[in-house]
Amino acid sequence: MADYDIFNGDADGICALHQLRLAEPRSSQLITGVKRDISLIARIADQVVKDDRLTVLDISIDPNKEALNYTLNQGAHVTWFDHHNPGEIPQHPLLTTTINLDSQVCTSLLVDQHLQGMFHHWAIVALFGDGLSNVANLLAKKADLTIDATNRLALLGEVINYNAYGETIEDLHISPDKLYLRLAPYSSPFDFIKNDSIVGELTELMHSDLNAANDHQALYMTNSCKVFMLPDCAWARRVSGIFSNMLSKKTPHHAIAIMLPLKSGDLQISVRAPKSNPTGADIFCRSFPTGGGRAAAAGINRYPASAIEDFILSFEAFFNRENPKPLQQ
């Protein structure tokens, strides 16, 4: 019997796995990647055999459905925690799912609830990393954390999440599996912050990338949305997620879209629904062939650069809450 831990490389995926393995240690094969690399089960499907155990965290069932069905038919046991739109969930006795699409929930919070708060501070880290600062601050207050302690957890979540963004692993400062292994010995995030130099290193690098992003003005802006185009370079790919979250906080009534050129010539697009009404990002992005995500934050993996104007028109029409229009696809 083999164990596979399959997880999104962002703060939510890493913190969700960390909580589970603190509660139930296992020697497992780690399967992860950059944040947009979510079709992960296919990597190991051919080697899965009966009674293997797959734990899948913070990736959607939808793009993994074919590989998931294959592993289930091989007799593997699959446990799945997620907050992204799953599409139709397969019904199988070997599949156990905990899925919640609420815009104020992340995967680590679902794991935290499953474990009855055993490692609650790590769930707060993930919430900050996933841009759910209102929920994170509320839970930090309920946990009697000081403002200073809360700010330290917020920064940790942000830098772990920042490290997940890139077109390839080479864009990142440290691969997500190695980052997970760095924090794995620590039951308390405060001890990790105190003892591991990676937190300070990522913080400095994140601020440098953010300073570069702040030099770029919006490509398009109305009362309901802002669209930015960042350059084709590693720092822009790294900073796209944290930059999107920062813009959402600064202008909570705007939907945000960040466009990034890919090596293929296409664009990758990150979308944030307005923080004042954090819904619809998943619906909007799933209307495109390579789109997906959750209600508050979603994205399109590949979009033709020749159709930027069409995207902007659709984006503005969809998120114009005062005068909403149907998608024209």
# chains A, B, ... in the order shown; residues from 1 in each chain; ligands from 1
>>> select_by_dssp(residues="stretch 54-101 of chain A", states="strand (DSSP E)", output="JSON, numbers by chain")
{"A": [54, 55, 56, 57, 77, 78, 79, 80, 81, 82, 95, 96, 97, 98, 99]}
>>> residues_around(residues="A:His83", least_positions_apart="5", cutoff="10 Å", atoms="only C-alpha atoms", output="list in words")
Leu57, Asp58, Ile59, Ser60, Thr98, Ile99, Asn100, Leu101, Asp102, Ser103, Gln104, Val105, Cys106, Thr107, Ser108, Leu109, Leu110, Gly293, Arg294 and Ala295 of chain A
>>> residues_around(residues="stretch 8-15 of chain A", least_positions_apart="2", cutoff="8 Å", atoms="only C-alpha atoms", output="JSON, numbers by chain")
{"A": [6, 17, 18, 19, 32, 33, 34, 35, 37, 38, 57, 58, 59, 106, 107, 108, 122, 123, 125, 126, 127, 129, 130, 157, 158, 160, 161, 162, 163, 164, 165, 176, 177, 180]}
>>> closest_residue(among="A:Leu20, A:Met1, A:Ile89, A:Ala305", to="A:Thr55", atoms="only C-alpha atoms")
A:Leu20
>>> residues_around(residues="A:Phe119", least_positions_apart="2", cutoff="9 Å", atoms="only C-alpha atoms", output="ChimeraX atom specification")
/A:19,22-23,112,115-117,121-123,187-188
>>> write_last_selection(atoms="all heavy atoms", output="mmCIF file, in the first residue's frame")
data_model
loop_
_atom_site.group_PDB
_atom_site.id
_atom_site.type_symbol
_atom_site.label_atom_id
_atom_site.label_comp_id
_atom_site.auth_asym_id
_atom_site.auth_seq_id
_atom_site.Cartn_x
_atom_site.Cartn_y
_atom_site.Cartn_z
ATOM 1 N N GLN A 19 -1.722 20.372 8.427
ATOM 2 C CA GLN A 19 -2.613 20.044 9.539
ATOM 3 C C GLN A 19 -2.917 18.541 9.585
ATOM 4 O O GLN A 19 -2.864 17.915 10.650
ATOM 5 C CB GLN A 19 -3.924 20.827 9.417
ATOM 6 C CG GLN A 19 -3.807 22.319 9.625
ATOM 7 C CD GLN A 19 -5.134 22.999 9.388
ATOM 8 O OE1 GLN A 19 -5.989 23.057 10.272
ATOM 9 N NE2 GLN A 19 -5.327 23.510 8.176
ATOM 10 N N LEU A 22 0.192 16.548 10.688
ATOM 11 C CA LEU A 22 0.463 16.714 12.116
ATOM 12 C C LEU A 22 -0.460 15.812 12.930
ATOM 13 O O LEU A 22 -0.043 15.198 13.922
ATOM 14 C CB LEU A 22 0.268 18.171 12.543
ATOM 15 C CG LEU A 22 1.341 19.169 12.114
ATOM 16 C CD1 LEU A 22 0.889 20.591 12.432
ATOM 17 C CD2 LEU A 22 2.674 18.877 12.814
ATOM 18 N N ALA A 23 -1.713 15.701 12.484
ATOM 19 C CA ALA A 23 -2.692 14.872 13.189
ATOM 20 C C ALA A 23 -2.507 13.394 12.901
ATOM 21 O O ALA A 23 -2.702 12.542 13.778
ATOM 22 C CB ALA A 23 -4.110 15.305 12.808
ATOM 23 N N ASP A 112 -9.390 22.138 9.197
ATOM 24 C CA ASP A 112 -9.421 22.585 10.595
ATOM 25 C C ASP A 112 -10.708 22.123 11.287
ATOM 26 O O ASP A 112 -10.683 21.633 12.423
ATOM 27 C CB ASP A 112 -9.315 24.111 10.628
ATOM 28 C CG ASP A 112 -9.422 24.690 12.029
ATOM 29 O OD1 ASP A 112 -8.583 24.349 12.888
ATOM 30 O OD2 ASP A 112 -10.344 25.506 12.261
ATOM 31 N N LEU A 115 -10.600 18.403 11.879
ATOM 32 C CA LEU A 115 -9.717 18.046 12.999
ATOM 33 C C LEU A 115 -10.133 18.716 14.308
ATOM 34 O O LEU A 115 -9.403 18.615 15.302
ATOM 35 C CB LEU A 115 -8.275 18.438 12.665
ATOM 36 C CG LEU A 115 -7.635 17.737 11.464
ATOM 37 C CD1 LEU A 115 -6.254 18.303 11.197
ATOM 38 C CD2 LEU A 115 -7.562 16.226 11.713
ATOM 39 N N GLN A 116 -11.270 19.388 14.287
ATOM 40 C CA GLN A 116 -11.808 20.056 15.476
ATOM 41 C C GLN A 116 -10.804 21.041 16.080
ATOM 42 O O GLN A 116 -10.639 21.133 17.301
ATOM 43 C CB GLN A 116 -12.259 19.021 16.518
ATOM 44 C CG GLN A 116 -13.368 18.110 16.004
ATOM 45 C CD GLN A 116 -13.840 17.095 17.018
ATOM 46 O OE1 GLN A 116 -13.084 16.683 17.908
ATOM 47 N NE2 GLN A 116 -15.098 16.688 16.909
ATOM 48 N N GLY A 117 -10.137 21.774 15.208
ATOM 49 C CA GLY A 117 -9.288 22.864 15.653
ATOM 50 C C GLY A 117 -7.964 22.472 16.275
ATOM 51 O O GLY A 117 -7.348 23.272 16.989
ATOM 52 N N HIS A 121 -4.127 27.535 14.297
ATOM 53 C CA HIS A 121 -3.334 28.668 13.825
ATOM 54 C C HIS A 121 -2.892 28.498 12.379
ATOM 55 O O HIS A 121 -2.774 29.481 11.636
ATOM 56 C CB HIS A 121 -2.115 28.872 14.723
ATOM 57 C CG HIS A 121 -2.461 29.373 16.097
ATOM 58 N ND1 HIS A 121 -1.569 29.358 17.150
ATOM 59 C CD2 HIS A 121 -3.623 29.894 16.595
ATOM 60 C CE1 HIS A 121 -2.154 29.851 18.228
ATOM 61 N NE2 HIS A 121 -3.385 30.179 17.915
ATOM 62 N N TRP A 122 -2.667 27.248 11.954
ATOM 63 C CA TRP A 122 -2.278 27.024 10.563
ATOM 64 C C TRP A 122 -3.443 27.312 9.614
ATOM 65 O O TRP A 122 -3.237 27.757 8.477
ATOM 66 C CB TRP A 122 -1.759 25.600 10.363
ATOM 67 C CG TRP A 122 -0.367 25.411 10.870
ATOM 68 C CD1 TRP A 122 0.036 24.732 11.984
ATOM 69 C CD2 TRP A 122 0.830 25.934 10.279
ATOM 70 N NE1 TRP A 122 1.397 24.796 12.122
ATOM 71 C CE2 TRP A 122 1.917 25.530 11.083
ATOM 72 C CE3 TRP A 122 1.094 26.702 9.147
ATOM 73 C CZ2 TRP A 122 3.236 25.870 10.802
ATOM 74 C CZ3 TRP A 122 2.409 27.048 8.854
ATOM 75 C CH2 TRP A 122 3.462 26.632 9.672
ATOM 76 N N ALA A 123 -4.675 27.081 10.067
ATOM 77 C CA ALA A 123 -5.845 27.430 9.246
ATOM 78 C C ALA A 123 -5.944 28.943 9.077
ATOM 79 O O ALA A 123 -6.308 29.442 8.001
ATOM 80 C CB ALA A 123 -7.115 26.878 9.871
ATOM 81 N N SER A 187 4.610 22.337 14.712
ATOM 82 C CA SER A 187 3.178 22.327 15.017
ATOM 83 C C SER A 187 2.642 23.744 15.187
ATOM 84 O O SER A 187 1.447 23.987 15.027
ATOM 85 C CB SER A 187 2.896 21.507 16.280
ATOM 86 O OG SER A 187 3.595 22.031 17.387
ATOM 87 N N SER A 188 3.533 24.678 15.498
ATOM 88 C CA SER A 188 3.127 26.075 15.659
ATOM 89 C C SER A 188 3.736 26.927 14.559
ATOM 90 O O SER A 188 4.960 26.901 14.348
ATOM 91 C CB SER A 188 3.606 26.619 17.015
ATOM 92 O OG SER A 188 3.495 28.042 17.056
#
>>> residues_around(residues="A:Leu139", least_positions_apart="3", cutoff="10 Å", atoms="only C-alpha atoms", output="VMD selection string")
chain A and resid 120 to 121 123 to 124 127 133 to 136 142 to 145 150
>>> residues_around(residues="stretch 227-242 of chain A", least_positions_apart="5", cutoff="8 Å", atoms="only C-alpha atoms", output="list of chain:residue names")
A:Glu158, A:Asn161, A:Tyr162, A:Asn163, A:Ala164, A:Tyr165, A:Gly166, A:Glu167, A:Asp171, A:Leu172, A:Met206, A:Asp209, A:Leu210, A:Ala213, A:His216, A:Gln217, A:Ala218, A:Leu219, A:Tyr220, A:Met221, A:Ile256, A:Ala257, A:Ile258, A:Met259, A:Leu260, A:Pro261, A:Leu262, A:Ser270, A:Ile312
>>> atom_distance(atom1="atom CA of A:Arg36", atom2="atom CA of A:Leu183")
22.0 Å
>>> closest_residue(among="A:Ser28, A:Thr79, A:Ser224, A:Ser197", to="A:Pro274", atoms="only C-alpha atoms")
A:Ser224
>>> select_by_dssp(residues="stretch 73-262 of chain A", states="alpha helix (DSSP H)", output="VMD selection string")
chain A and resid 73 107 to 114 120 to 129 133 to 142 147 to 162 176 to 183 189 to 195 198 to 213 234 to 250
>>> closest_residue(among="A:Ala317, A:Asp82, A:Gln91, A:Thr279", to="A:Val111", atoms="only C-alpha atoms")
A:Asp82
>>> atom_distance(atom1="atom CA of A:Arg53", atom2="atom CA of A:Pro90")
17.1 Å
>>> atom_distance(atom1="atom CA of A:His84", atom2="atom CA of A:Arg21")
22.0 Å
